[in-house]
$ cat start-v1.cif   # mmCIF, C-alpha atoms and all ligand atoms
data_entry
loop_
_atom_site.label_atom_id
_atom_site.label_comp_id
_atom_site.auth_asym_id
_atom_site.auth_seq_id
_atom_site.Cartn_x
_atom_site.Cartn_y
_atom_site.Cartn_z
CA MET A 1 -133.75 77.58 28.36
CA LYS A 2 -134.16 73.84 28.32
CA PRO A 3 -137.64 72.58 27.56
CA ASP A 4 -139.19 70.04 29.86
CA ALA A 5 -137.63 66.85 28.57
CA SER A 6 -140.29 64.42 29.73
CA GLY A 7 -141.47 62.31 26.84
CA GLY A 8 -138.61 63.14 24.52
CA GLY A 9 -134.89 63.63 24.28
CA GLU A 10 -133.07 65.93 26.65
CA PHE A 11 -131.43 67.87 23.81
CA PRO A 12 -134.08 68.22 21.09
CA GLU A 13 -132.18 71.19 19.61
CA LEU A 14 -129.22 68.99 18.62
CA VAL A 15 -129.05 67.19 15.29
CA GLY A 16 -131.28 64.11 15.47
CA GLY A 17 -132.62 65.17 18.88
CA GLU A 18 -136.16 65.41 17.61
CA SER A 19 -136.11 61.74 16.64
CA ILE A 20 -136.03 60.60 20.26
CA SER A 21 -139.30 59.69 21.92
CA ARG A 22 -139.77 58.05 25.27
CA SER A 23 -142.54 55.98 26.76
CA THR A 24 -142.90 53.94 29.92
CA VAL A 25 -144.47 50.56 30.49
CA PRO A 26 -146.78 49.61 33.38
CA GLY A 27 -144.82 48.15 36.26
CA GLY A 28 -141.64 49.97 35.28
CA GLY A 29 -138.20 48.49 35.89
CA ALA A 30 -139.41 45.76 38.25
CA ARG A 31 -141.77 44.37 35.59
CA LEU A 32 -138.99 44.45 32.99
CA TRP A 33 -136.69 42.60 35.37
CA GLN A 34 -139.35 39.99 36.21
CA GLY A 35 -139.86 39.35 32.48
CA LEU A 36 -136.15 38.94 31.83
CA ASP A 37 -135.63 36.74 34.87
CA LYS A 38 -138.58 34.51 33.95
CA GLN A 39 -136.91 33.76 30.64
CA ARG A 40 -133.74 32.83 32.51
CA ARG A 41 -135.62 30.54 34.91
CA ASP A 42 -137.67 28.95 32.13
CA ARG A 43 -134.45 28.05 30.35
CA GLY A 44 -132.75 26.76 33.49
CA ILE A 45 -129.84 29.19 33.34
CA PRO A 46 -128.09 29.15 36.74
CA VAL A 47 -126.85 32.26 38.57
CA LEU A 48 -123.85 32.02 40.89
CA PHE A 49 -124.66 34.46 43.70
CA ASP A 50 -121.91 35.87 45.93
CA THR A 51 -119.39 35.04 43.25
CA ALA A 52 -117.04 37.81 42.16
CA ALA A 53 -115.28 37.45 38.83
CA GLU A 54 -111.63 38.44 39.17
CA ARG A 55 -109.78 37.55 35.97
CA LEU A 56 -110.48 36.39 32.44
CA ILE A 57 -108.77 33.24 31.23
CA GLN A 58 -107.14 33.85 27.86
CA ASP A 59 -105.63 31.20 25.64
CA PRO A 60 -102.00 32.38 25.31
CA PHE A 61 -101.79 31.40 21.64
CA SER A 62 -105.20 32.05 20.08
CA LYS A 63 -105.93 34.96 22.51
CA GLU A 64 -109.45 33.58 22.87
CA ILE A 65 -111.27 34.19 26.16
CA ILE A 66 -112.13 30.73 27.41
CA GLY A 67 -113.32 31.30 30.96
CA VAL A 68 -113.28 33.28 34.17
CA VAL A 69 -111.51 33.04 37.50
CA ALA A 70 -113.88 33.99 40.32
CA ARG A 71 -114.01 34.02 44.10
CA GLN A 72 -116.68 32.58 46.36
CA GLY A 73 -115.69 33.68 49.85
CA ASN A 74 -112.19 32.32 50.31
CA VAL A 75 -112.54 29.81 47.52
CA GLN A 76 -111.26 30.47 44.03
CA VAL A 77 -113.46 28.96 41.33
CA TYR A 78 -112.85 28.52 37.63
CA VAL A 79 -115.73 28.83 35.19
CA LYS A 80 -115.17 27.46 31.71
CA ALA A 81 -116.95 29.18 28.84
CA ARG A 82 -118.90 27.07 26.37
CA LYS A 83 -118.64 29.67 23.61
CA ALA A 84 -117.67 33.10 24.95
CA VAL A 85 -117.70 35.44 27.96
CA ALA A 86 -119.78 38.63 28.28
CA LEU A 87 -118.77 41.22 30.88
CA CYS A 88 -121.91 42.85 32.34
CA THR A 89 -120.32 44.12 35.51
CA GLY A 90 -121.67 47.66 35.53
CA GLY A 91 -119.70 50.87 35.84
CA PHE A 92 -117.13 52.24 38.30
CA GLU A 93 -119.28 54.35 40.59
CA TRP A 94 -117.61 52.79 43.64
CA ASP A 95 -113.94 52.96 42.67
CA GLU A 96 -112.45 56.20 43.97
CA GLU A 97 -109.24 55.93 41.97
CA MET A 98 -111.03 55.38 38.66
CA LYS A 99 -113.42 58.24 39.40
CA MET A 100 -110.53 60.53 40.23
CA ASN A 101 -108.64 59.53 37.10
CA HIS A 102 -111.45 59.65 34.59
CA LEU A 103 -114.33 61.89 35.68
CA ARG A 104 -114.35 65.64 35.13
CA ALA A 105 -114.80 66.60 38.78
CA TYR A 106 -113.99 65.06 42.12
CA PRO A 107 -115.61 63.94 44.35
CA SER A 108 -118.76 62.52 42.80
CA TRP A 109 -121.29 60.26 44.50
CA PHE A 110 -123.78 57.71 43.21
CA TYR A 111 -126.73 55.60 44.27
CA THR A 112 -125.95 52.49 42.21
CA ASN A 113 -124.98 48.99 43.26
CA PRO A 114 -121.87 49.29 45.49
CA ASN A 115 -120.42 46.22 43.76
CA ASN A 116 -119.85 48.34 40.66
CA THR A 117 -116.17 48.89 41.29
CA GLY A 118 -114.95 48.73 37.70
CA GLU A 119 -113.60 45.20 38.13
CA GLY A 120 -114.99 44.04 34.79
CA ILE A 121 -113.35 47.03 33.10
CA ARG A 122 -109.96 46.10 34.55
CA MET A 123 -110.48 42.46 33.57
CA GLY A 124 -111.08 43.52 29.97
CA GLN A 125 -108.09 45.88 30.01
CA ALA A 126 -105.86 43.06 31.22
CA VAL A 127 -106.56 41.09 28.01
CA GLY A 128 -106.09 44.10 25.73
CA GLY A 129 -109.52 45.76 25.63
CA ASP A 130 -109.71 49.43 24.67
CA LEU A 131 -111.74 51.95 26.70
CA TRP A 132 -114.28 54.58 25.70
CA HIS A 133 -116.61 57.16 27.27
CA MET A 134 -114.69 57.04 30.54
CA ASN A 135 -115.45 60.69 31.36
CA SER A 136 -119.15 60.39 30.61
CA LEU A 137 -121.98 60.12 33.11
CA SER A 138 -125.70 59.88 33.41
CA ALA A 139 -125.92 62.18 36.38
CA ARG A 140 -127.15 65.34 38.02
CA ALA A 141 -126.11 66.74 41.41
CA ILE A 142 -127.10 64.96 44.59
CA PRO A 143 -126.51 65.14 48.34
CA TYR A 144 -124.15 62.73 50.02
CA HIS A 145 -122.96 62.34 53.58
CA PRO A 146 -120.45 59.72 54.77
CA ASP A 147 -122.78 58.36 57.47
CA TRP A 148 -125.32 57.31 54.82
CA PRO A 149 -124.11 54.54 52.47
CA LYS A 150 -125.09 56.16 49.18
CA GLY A 151 -125.94 59.44 47.55
CA PHE A 152 -129.65 60.27 47.67
CA GLY A 153 -132.33 62.38 46.01
CA VAL A 154 -132.58 66.15 46.09
CA VAL A 155 -135.49 68.49 46.65
CA THR A 156 -136.86 70.17 43.55
CA ARG A 157 -139.79 72.07 44.98
CA GLN A 158 -139.75 75.83 45.45
CA PRO A 159 -138.34 78.07 46.67
CA PHE A 160 -134.65 77.28 46.34
CA ILE A 161 -131.48 78.49 44.71
CA ILE A 162 -128.16 76.74 44.12
CA VAL A 163 -124.91 78.56 44.82
CA ASN A 164 -121.25 77.67 44.40
CA LYS A 165 -118.50 77.78 47.01
CA LEU A 166 -118.22 81.52 46.55
CA GLY A 167 -121.90 82.03 47.39
CA LYS A 168 -122.86 82.86 43.80
CA ARG A 169 -125.53 81.35 41.60
CA PHE A 170 -123.99 79.80 38.50
CA PHE A 171 -126.79 78.39 36.33
CA TYR A 172 -130.55 78.35 35.86
CA GLU A 173 -131.16 75.73 38.62
CA THR A 174 -134.55 74.48 37.45
CA GLN A 175 -135.75 72.32 34.56
CA TRP A 176 -132.26 70.96 34.12
CA PRO A 177 -131.62 68.09 31.69
CA SER A 178 -132.04 65.33 34.19
CA HIS A 179 -129.07 63.18 33.11
CA SER A 180 -126.52 65.79 31.99
CA ALA A 181 -126.97 68.56 34.59
CA TRP A 182 -123.77 67.39 36.31
CA LEU A 183 -121.87 69.26 33.60
CA GLU A 184 -122.93 72.54 35.23
CA PHE A 185 -121.04 71.58 38.39
CA VAL A 186 -117.55 70.78 37.13
CA HIS A 187 -115.87 74.15 36.55
CA PHE A 188 -112.36 74.26 38.03
CA SER A 189 -111.05 77.69 38.96
CA THR A 190 -107.29 77.91 38.57
CA ARG A 191 -107.35 81.18 40.53
CA ASP A 192 -108.95 79.49 43.53
CA SER A 193 -107.41 76.02 43.02
CA ALA A 194 -110.87 74.60 43.46
CA TYR A 195 -113.82 73.06 41.73
CA LEU A 196 -116.09 75.97 42.53
CA SER A 197 -119.32 73.97 42.42
CA THR A 198 -118.20 70.59 43.77
CA PRO A 199 -119.84 70.61 46.16
CA ALA A 200 -122.40 73.30 45.51
CA TYR A 201 -125.15 74.21 47.96
CA ILE A 202 -128.87 73.96 47.45
CA ILE A 203 -130.40 76.66 49.62
CA TYR A 204 -134.02 76.81 50.74
CA ASP A 205 -136.03 78.59 53.40
CA GLU A 206 -138.60 77.86 56.09
CA THR A 207 -141.46 77.86 53.57
CA THR A 208 -139.70 75.05 51.72
CA ARG A 209 -138.97 73.11 54.90
CA LYS A 210 -142.50 73.18 56.33
CA PRO A 211 -144.07 70.84 53.78
CA LEU A 212 -141.00 68.65 54.11
CA ILE A 213 -142.17 67.44 57.52
CA GLY A 214 -143.64 63.96 57.58
CA GLY A 215 -143.16 60.25 57.91
CA PRO A 216 -141.97 57.76 55.32
CA GLY A 217 -143.94 58.06 52.14
CA THR A 218 -144.93 61.67 52.83
CA LYS A 219 -144.53 63.77 49.75
CA GLY A 220 -142.43 66.84 50.03
CA ARG A 221 -139.51 66.07 52.26
CA LEU A 222 -135.98 66.78 51.25
CA GLY A 223 -135.03 63.75 49.25
CA ASP A 224 -138.27 63.68 47.32
CA SER A 225 -138.22 64.81 43.76
CA ASP A 226 -140.14 64.22 40.63
CA THR A 227 -137.43 62.05 39.19
CA VAL A 228 -135.74 60.55 42.23
CA GLN A 229 -138.14 58.50 44.30
CA ASN A 230 -137.65 55.06 45.74
CA TRP A 231 -133.92 55.03 46.28
CA SER A 232 -133.66 58.37 48.01
CA VAL A 233 -133.68 58.78 51.76
CA GLN A 234 -137.45 58.84 52.04
CA GLY A 235 -138.88 55.49 53.00
CA MET A 236 -135.55 54.47 54.51
CA THR A 237 -135.17 57.13 57.17
CA GLN A 238 -137.29 59.95 58.49
CA TRP A 239 -136.25 63.57 58.53
CA SER A 240 -136.77 65.29 61.85
CA ALA A 241 -139.63 67.77 61.74
CA ASP A 242 -137.45 70.80 62.48
CA HIS A 243 -134.32 69.36 60.77
CA SER A 244 -132.48 69.60 64.10
CA VAL A 245 -131.20 66.01 63.90
CA GLU A 246 -129.85 66.50 60.38
CA VAL A 247 -128.37 69.89 61.32
CA ALA A 248 -126.62 68.25 64.30
CA LYS A 249 -125.29 65.47 62.03
CA GLY A 250 -123.98 68.01 59.54
CA TRP A 251 -126.28 66.94 56.70
CA ILE A 252 -128.06 70.29 56.70
CA PHE A 253 -126.68 73.77 57.47
CA LYS A 254 -128.99 76.32 59.06
CA GLY A 255 -128.75 80.07 59.57
CA ALA A 256 -131.10 82.81 60.78
CA THR A 257 -129.87 85.08 57.98
CA PRO A 258 -128.11 84.55 54.65
CA GLU A 259 -124.86 85.82 56.22
CA GLU A 260 -125.15 83.43 59.16
CA LEU A 261 -125.72 80.56 56.74
CA GLY A 262 -122.73 81.81 54.75
CA GLU A 263 -120.55 81.68 57.89
CA GLN A 264 -121.53 78.03 58.42
CA LEU A 265 -120.75 77.13 54.83
CA LYS A 266 -117.42 78.93 54.94
CA ALA A 267 -116.48 76.84 57.98
CA GLU A 268 -117.24 73.48 56.42
CA PRO A 269 -113.95 71.96 55.16
CA GLU A 270 -114.99 71.26 51.57
CA ASN A 271 -115.73 74.95 51.08
CA GLN A 272 -111.97 75.65 51.26
CA GLY A 273 -112.82 78.92 53.00
CA LEU A 274 -114.06 80.40 49.73
CA MET A 275 -117.53 81.49 50.83
CA ASP A 276 -117.92 85.20 51.54
CA PRO A 277 -121.10 85.62 53.63
CA ALA A 278 -121.52 89.12 52.19
CA THR A 279 -121.54 87.63 48.68
CA LEU A 280 -124.24 85.15 49.72
CA LYS A 281 -126.28 88.04 51.13
CA GLU A 282 -125.89 89.87 47.82
CA THR A 283 -126.96 86.74 45.91
CA PHE A 284 -130.16 86.60 47.98
CA ALA A 285 -130.79 90.31 47.33
CA LYS A 286 -130.28 89.92 43.57
CA TYR A 287 -132.52 86.87 43.46
CA SER A 288 -135.26 88.77 45.38
CA GLN A 289 -135.03 91.52 42.78
CA TYR A 290 -135.39 88.99 39.97
CA VAL A 291 -138.44 87.50 41.71
CA ALA A 292 -139.96 90.99 42.03
CA ASN A 293 -139.27 91.73 38.35
CA GLY A 294 -140.28 88.25 37.16
CA VAL A 295 -137.06 88.09 35.11
CA ASP A 296 -133.68 86.47 35.82
CA PRO A 297 -131.29 88.45 33.59
CA GLU A 298 -128.25 86.43 34.75
CA PHE A 299 -129.34 82.85 34.02
CA ASN A 300 -132.77 83.11 32.46
CA ARG A 301 -134.43 80.93 35.07
CA PRO A 302 -138.07 80.49 33.98
CA PRO A 303 -140.34 83.18 35.53
CA SER A 304 -142.68 80.53 36.96
CA THR A 305 -139.80 79.22 39.09
CA LEU A 306 -138.81 82.63 40.46
CA VAL A 307 -140.35 82.20 43.91
CA LYS A 308 -139.61 84.36 46.97
CA LEU A 309 -136.84 83.00 49.17
CA GLU A 310 -137.02 85.19 52.24
CA THR A 311 -138.56 83.37 55.21
CA PRO A 312 -135.93 82.55 57.87
CA PRO A 313 -134.32 80.36 58.93
CA PHE A 314 -132.42 79.41 55.79
CA TYR A 315 -131.05 75.95 55.07
CA ALA A 316 -128.32 74.54 52.82
CA VAL A 317 -127.44 71.02 51.71
CA LYS A 318 -124.25 70.12 49.87
CA ILE A 319 -124.73 68.59 46.44
CA TYR A 320 -122.16 66.85 44.25
CA PRO A 321 -122.06 65.71 40.64
CA GLY A 322 -123.45 62.19 40.62
CA GLY A 323 -126.63 60.14 40.87
CA PRO A 324 -127.34 57.25 38.53
CA ASN A 325 -124.19 55.96 36.84
CA THR A 326 -120.96 56.11 34.87
CA GLN A 327 -121.01 55.26 31.16
CA GLY A 328 -117.41 54.38 30.43
CA GLY A 329 -115.78 51.01 30.07
CA LEU A 330 -114.70 48.57 27.41
CA LYS A 331 -115.07 49.66 23.81
CA LYS A 332 -117.26 47.41 21.71
CA ASP A 333 -118.21 46.99 18.08
CA ALA A 334 -121.67 46.60 16.54
CA LYS A 335 -121.64 42.91 17.49
CA SER A 336 -120.98 43.88 21.12
CA ARG A 337 -117.50 42.35 20.90
CA VAL A 338 -114.79 44.00 23.02
CA ILE A 339 -112.20 45.53 20.71
CA ASP A 340 -108.55 46.35 21.26
CA PRO A 341 -107.01 49.83 20.68
CA PHE A 342 -106.56 48.98 16.99
CA GLY A 343 -110.23 48.08 16.51
CA LYS A 344 -109.63 44.33 16.43
CA PRO A 345 -112.09 42.16 18.40
CA ILE A 346 -110.71 40.16 21.29
CA PRO A 347 -111.85 36.64 20.38
CA ARG A 348 -114.86 35.40 22.37
CA LEU A 349 -115.10 38.48 24.63
CA TYR A 350 -118.27 40.62 24.74
CA CYS A 351 -119.52 43.42 26.96
CA VAL A 352 -122.98 44.81 27.65
CA GLY A 353 -124.49 47.68 29.66
CA GLU A 354 -122.73 50.28 31.71
CA ASN A 355 -119.39 48.56 31.22
CA GLY A 356 -118.68 50.54 28.05
CA SER A 357 -122.08 51.97 27.19
CA VAL A 358 -122.58 53.62 23.81
CA TYR A 359 -123.24 57.03 25.40
CA GLY A 360 -120.51 59.60 25.01
CA PHE A 361 -120.65 63.25 25.97
CA LEU A 362 -124.41 63.76 26.46
CA TYR A 363 -126.84 61.15 27.69
CA PRO A 364 -129.76 61.46 25.28
CA THR A 365 -132.84 60.60 27.32
CA GLY A 366 -134.21 58.78 30.35
CA GLY A 367 -134.34 55.05 29.62
CA GLY A 368 -131.15 55.17 27.58
CA ASN A 369 -129.16 52.78 29.75
CA VAL A 370 -131.98 50.26 29.97
CA CYS A 371 -132.32 50.37 26.15
CA GLU A 372 -128.58 49.86 25.96
CA PHE A 373 -128.51 46.64 27.96
CA VAL A 374 -131.73 45.25 26.47
CA ILE A 375 -130.55 45.82 22.88
CA PHE A 376 -126.88 45.00 23.27
CA GLY A 377 -127.79 42.08 25.53
CA GLN A 378 -129.64 40.58 22.58
CA VAL A 379 -126.92 41.52 20.10
CA ALA A 380 -124.24 39.94 22.29
CA GLY A 381 -126.39 36.87 23.01
CA LYS A 382 -127.02 36.18 19.34
CA ASN A 383 -123.40 36.61 18.36
CA MET A 384 -122.13 34.56 21.29
CA ALA A 385 -124.54 31.75 20.43
CA ALA A 386 -123.17 31.80 16.89
CA GLU A 387 -119.57 31.24 18.07
CA PRO A 388 -118.24 27.70 17.57
CA SER A 389 -118.26 25.67 20.80
CA LEU A 390 -115.01 25.57 22.74
CA ALA A 391 -113.41 22.15 23.03
C1 LIG B 401 -131.38 54.42 41.05
C2 LIG B 401 -131.17 54.26 39.58
C3 LIG B 401 -132.18 54.56 38.70
C4 LIG B 401 -132.01 54.39 37.33
N1 LIG B 401 -133.04 54.67 36.48
C5 LIG B 401 -132.89 54.42 35.18
C6 LIG B 401 -133.97 54.61 34.27
O1 LIG B 401 -135.06 55.02 34.66
N2 LIG B 401 -133.76 54.32 32.96
C7 LIG B 401 -132.56 53.87 32.49
O2 LIG B 401 -132.41 53.61 31.31
N3 LIG B 401 -131.52 53.70 33.32
C8 LIG B 401 -131.67 53.94 34.65
N4 LIG B 401 -130.62 53.76 35.49
C9 LIG B 401 -129.38 53.23 34.93
C10 LIG B 401 -129.53 51.76 34.65
O3 LIG B 401 -130.31 51.14 35.66
C11 LIG B 401 -128.16 51.11 34.61
O4 LIG B 401 -127.34 51.79 33.71
C12 LIG B 401 -128.28 49.66 34.21
O5 LIG B 401 -128.99 48.94 35.18
C13 LIG B 401 -126.91 49.07 34.01
O6 LIG B 401 -127.04 47.71 33.80
P1 LIG B 401 -125.76 46.80 33.87
O7 LIG B 401 -126.25 45.39 33.77
O8 LIG B 401 -124.74 47.27 32.93
O9 LIG B 401 -125.17 47.07 35.32
P2 LIG B 401 -125.85 46.85 36.74
O10 LIG B 401 -127.33 46.77 36.65
O11 LIG B 401 -125.25 47.88 37.62
O12 LIG B 401 -125.34 45.42 37.16
C14 LIG B 401 -123.98 45.14 37.32
C15 LIG B 401 -123.91 43.88 38.16
O13 LIG B 401 -122.58 43.35 38.10
C16 LIG B 401 -122.25 42.91 39.38
N5 LIG B 401 -120.78 42.90 39.45
C17 LIG B 401 -119.92 43.92 39.47
N6 LIG B 401 -118.65 43.48 39.48
C18 LIG B 401 -118.71 42.14 39.46
C19 LIG B 401 -117.73 41.11 39.45
N7 LIG B 401 -116.41 41.36 39.47
N8 LIG B 401 -118.15 39.81 39.44
C20 LIG B 401 -119.47 39.51 39.42
N9 LIG B 401 -120.44 40.45 39.42
C21 LIG B 401 -120.05 41.74 39.44
C22 LIG B 401 -122.90 43.89 40.33
O14 LIG B 401 -123.08 43.29 41.61
C23 LIG B 401 -124.23 44.12 39.62
O15 LIG B 401 -125.20 43.18 40.03
C24 LIG B 401 -130.78 53.94 36.85
C25 LIG B 401 -129.73 53.64 37.74
C26 LIG B 401 -129.93 53.80 39.10
C27 LIG B 401 -128.81 53.46 40.02
#
$ encode --input "start-v1.cif" --output "structure tokens" --more "lines below"
Ligand SMILES: Cc1cc2nc3c(=O)[nH]c(=O)nc-3n(C[C@H](O)[C@H](O)[C@H](O)COP(=O)(O)OP(=O)(O)OC[C@H]3O[C@@H](n4cnc5c(N)ncnc54)[C@H](O)[C@@H]3O)c2cc1C
Amino acid sequence: MKPDASGGGEFPELVGGESISRSTVPGGGARLWQGLDKQRRDRGIPVLFDTAAERLIQDPFSKEIIGVVARQGNVQVYVKARKAVALCTGGFEWDEEMKMNHLRAYPSWFYTNPNNTGEGIRMGQAVGGDLWHMNSLSARAIPYHPDWPKGFGVVTRQPFIIVNKLGKRFFYETQWPSHSAWLEFVHFSTRDSAYLSTPAYIIYDETTRKPLIGGPGTKGRLGDSDTVQNWSVQGMTQWSADHSVEVAKGWIFKGATPEELGEQLKAEPENQGLMDPATLKETFAKYSQYVANGVDPEFNRPPSTLVKLETPPFYAVKIYPGGPNTQGGLKKDAKSRVIDPFGKPIPRLYCVGENGSVYGFLYPTGGGNVCEFVIFGQVAGKNMAAEPSLA
């Protein structure tokens, strides 16, 4: 069973895992951003808003990157580099083709900046940049519905279980490693021609729903969680007290019994008709037995999280791998220079942040991506400043 990861790494049992410690600063991300942006303003560094970079300009002979072609509305603009170009264009959370090609399950949904369409990755590829970590994510499993622009947070309070398309539990559900739990959701069944847990269903009962009633800012609605706060649905929209609005919109499924809920899930297209309501009923019965015994012999869910799930009606919300961000992009060296497939730096081209983050298979701990862009931002900045000026 995973320990509570707060304060340390998410995989302390792995080699080097114990060396990771985590702390937060007052003011959080906003304070960090204000500090960084103050330095920019103090130094008079301009920002071109509403300007999308489209192509790098490469000297055909020296292969140096000497500028960027960008678009401001209908106008194409050319930006000449003084020394070098750094691509800090984020990941590819909003490019369906890249997600389908590179991620381990499809679909997946995110709550990042919708401008993160992988454009900077393609720009680097076009001048010979290699890729790495393209199938890696910092993610969990989150709800998404097409009539809301982004994925959003997921309830973590009790009681609830998570089942796959077949109506079966498939992992320990609670105390998951916050940024790698998506890996539990990506099993593809060749027998069923389906990702069995994409989407999966988080199932709760009336005792869970009751405290979820309230206005913006009220603790305890679906969408609240200990780790997912300001960007989830709460504060932006209000759940109806009895969930009837969300049930009517198809965000939430509701049934008087486990079988009735199972029928609803079977009928929703992404289920591929795999749900057997009788199996869901059996899953409820097994879980009740584990609650009574205080032991989950199947998945070793911690006894303190084995809470009765038996008060009708029952509710389900679809959840998908996703959440914060992708990690893959352009491969870089220790100087933050973009390198080609043979390990040779592309002259005067750097990348920082989610566009080719250092994180591979497992994301080590909360704060990792911010550390990445703060540290490699400095590394890139120093090395770019040391480049000879372009003519
Ligand atoms: C809700 C949320 C919470 C998070 N919480 C944490 C946390 O607690 N700790 C942590 O370490 N990480 C966290 N992360 C991850 C972390 O915030 C990101 O990995 C990090 O901000 C990435 O920085 P970046 O500069 O690489 O990309 P971003 O911050 O995504 O910025 C990329 C920018 O590039 C712009 N852009 C994209 N394409 C182009 C183009 N062609 N031309 C011009 N501009 C372009 C985008 O508009 C965007 O402004 C969180 C992420 C999210 C979404």
$ closest_atom_pairs --input "start-v1.cif" --of "chain A" --to "ligand LIG 401 (chain B)" --cutoff "8 Å" --atoms "all atoms listed in the file" --output "JSON lines"
{"residue": "A:Gly29", "atom": "CA", "partner": "B:LIG401", "partner_atom": "O1", "distance": 7.3}
{"residue": "A:Asp50", "atom": "CA", "partner": "B:LIG401", "partner_atom": "C20", "distance": 7.8}
{"residue": "A:Thr51", "atom": "CA", "partner": "B:LIG401", "partner_atom": "C20", "distance": 5.9}
{"residue": "A:Ala52", "atom": "CA", "partner": "B:LIG401", "partner_atom": "N8", "distance": 3.6}
{"residue": "A:Ala53", "atom": "CA", "partner": "B:LIG401", "partner_atom": "N8", "distance": 3.8}
{"residue": "A:Glu54", "atom": "CA", "partner": "B:LIG401", "partner_atom": "N7", "distance": 5.6}
{"residue": "A:Ala70", "atom": "CA", "partner": "B:LIG401", "partner_atom": "N8", "distance": 7.3}
{"residue": "A:Cys88", "atom": "CA", "partner": "B:LIG401", "partner_atom": "O7", "distance": 5.2}
{"residue": "A:Thr89", "atom": "CA", "partner": "B:LIG401", "partner_atom": "O13", "distance": 3.5}
{"residue": "A:Gly90", "atom": "CA", "partner": "B:LIG401", "partner_atom": "O9", "distance": 3.6}
{"residue": "A:Gly91", "atom": "CA", "partner": "B:LIG401", "partner_atom": "O11", "distance": 6.6}
{"residue": "A:Phe110", "atom": "CA", "partner": "B:LIG401", "partner_atom": "C27", "distance": 7.3}
{"residue": "A:Tyr111", "atom": "CA", "partner": "B:LIG401", "partner_atom": "C27", "distance": 5.2}
{"residue": "A:Thr112", "atom": "CA", "partner": "B:LIG401", "partner_atom": "C27", "distance": 3.7}
{"residue": "A:Asn113", "atom": "CA", "partner": "B:LIG401", "partner_atom": "O11", "distance": 5.8}
{"residue": "A:Pro114", "atom": "CA", "partner": "B:LIG401", "partner_atom": "O14", "distance": 7.2}
{"residue": "A:Asn115", "atom": "CA", "partner": "B:LIG401", "partner_atom": "O14", "distance": 4.5}
{"residue": "A:Asn116", "atom": "CA", "partner": "B:LIG401", "partner_atom": "C17", "distance": 4.6}
{"residue": "A:Thr117", "atom": "CA", "partner": "B:LIG401", "partner_atom": "N6", "distance": 6.2}
{"residue": "A:Gly118", "atom": "CA", "partner": "B:LIG401", "partner_atom": "N6", "distance": 6.7}
{"residue": "A:Glu119", "atom": "CA", "partner": "B:LIG401", "partner_atom": "N7", "distance": 4.9}
{"residue": "A:Gly120", "atom": "CA", "partner": "B:LIG401", "partner_atom": "N7", "distance": 5.6}
{"residue": "A:Ser138", "atom": "CA", "partner": "B:LIG401", "partner_atom": "C9", "distance": 7.8}
{"residue": "A:Val228", "atom": "CA", "partner": "B:LIG401", "partner_atom": "C1", "distance": 7.6}
{"residue": "A:Asn230", "atom": "CA", "partner": "B:LIG401", "partner_atom": "C1", "distance": 7.9}
{"residue": "A:Trp231", "atom": "CA", "partner": "B:LIG401", "partner_atom": "C1", "distance": 5.8}
{"residue": "A:Gly323", "atom": "CA", "partner": "B:LIG401", "partner_atom": "C27", "distance": 7.1}
{"residue": "A:Pro324", "atom": "CA", "partner": "B:LIG401", "partner_atom": "C27", "distance": 4.3}
{"residue": "A:Asn325", "atom": "CA", "partner": "B:LIG401", "partner_atom": "C25", "distance": 6.1}
{"residue": "A:Thr326", "atom": "CA", "partner": "B:LIG401", "partner_atom": "O4", "distance": 7.8}
{"residue": "A:Gln327", "atom": "CA", "partner": "B:LIG401", "partner_atom": "O4", "distance": 7.7}
{"residue": "A:Val352", "atom": "CA", "partner": "B:LIG401", "partner_atom": "O8", "distance": 6.1}
{"residue": "A:Gly353", "atom": "CA", "partner": "B:LIG401", "partner_atom": "O8", "distance": 3.3}
{"residue": "A:Glu354", "atom": "CA", "partner": "B:LIG401", "partner_atom": "O8", "distance": 3.8}
{"residue": "A:Asn355", "atom": "CA", "partner": "B:LIG401", "partner_atom": "O8", "distance": 5.8}
{"residue": "A:Ser357", "atom": "CA", "partner": "B:LIG401", "partner_atom": "O8", "distance": 7.9}
{"residue": "A:Gly366", "atom": "CA", "partner": "B:LIG401", "partner_atom": "N2", "distance": 5.2}
{"residue": "A:Gly367", "atom": "CA", "partner": "B:LIG401", "partner_atom": "O2", "distance": 2.9}
{"residue": "A:Gly368", "atom": "CA", "partner": "B:LIG401", "partner_atom": "O2", "distance": 4.2}
{"residue": "A:Asn369", "atom": "CA", "partner": "B:LIG401", "partner_atom": "O2", "distance": 3.7}
{"residue": "A:Val370", "atom": "CA", "partner": "B:LIG401", "partner_atom": "O2", "distance": 3.6}
{"residue": "A:Cys371", "atom": "CA", "partner": "B:LIG401", "partner_atom": "O2", "distance": 6.1}
{"residue": "A:Glu372", "atom": "CA", "partner": "B:LIG401", "partner_atom": "O2", "distance": 7.6}
{"residue": "A:Phe373", "atom": "CA", "partner": "B:LIG401", "partner_atom": "O6", "distance": 6.1}
$ residues_around --input "start-v1.cif" --residues "Ile346 in chain A" --least-positions-apart "5" --cutoff "10 Å" --atoms "all atoms listed in the file" --output "PyMOL selection string"
chain A and resi 58+62-65+124+127-130+332+337-340
$ atom_distance --input "start-v1.cif" --atom1 "CA of Lys382 in chain A" --atom2 "CA of Asp59 in chain A"
22.8 Å
$ closest_residue --input "start-v1.cif" --among "A:Phe170, A:Tyr320, A:Phe314, A:Tyr78" --to "Gly153 in chain A" --atoms "only C-alpha atoms"
A:Tyr320
$ atom_distance --input "start-v1.cif" --atom1 "CA of Gln272 in chain A" --atom2 "CA of Tyr195 in chain A"
10.0 Å
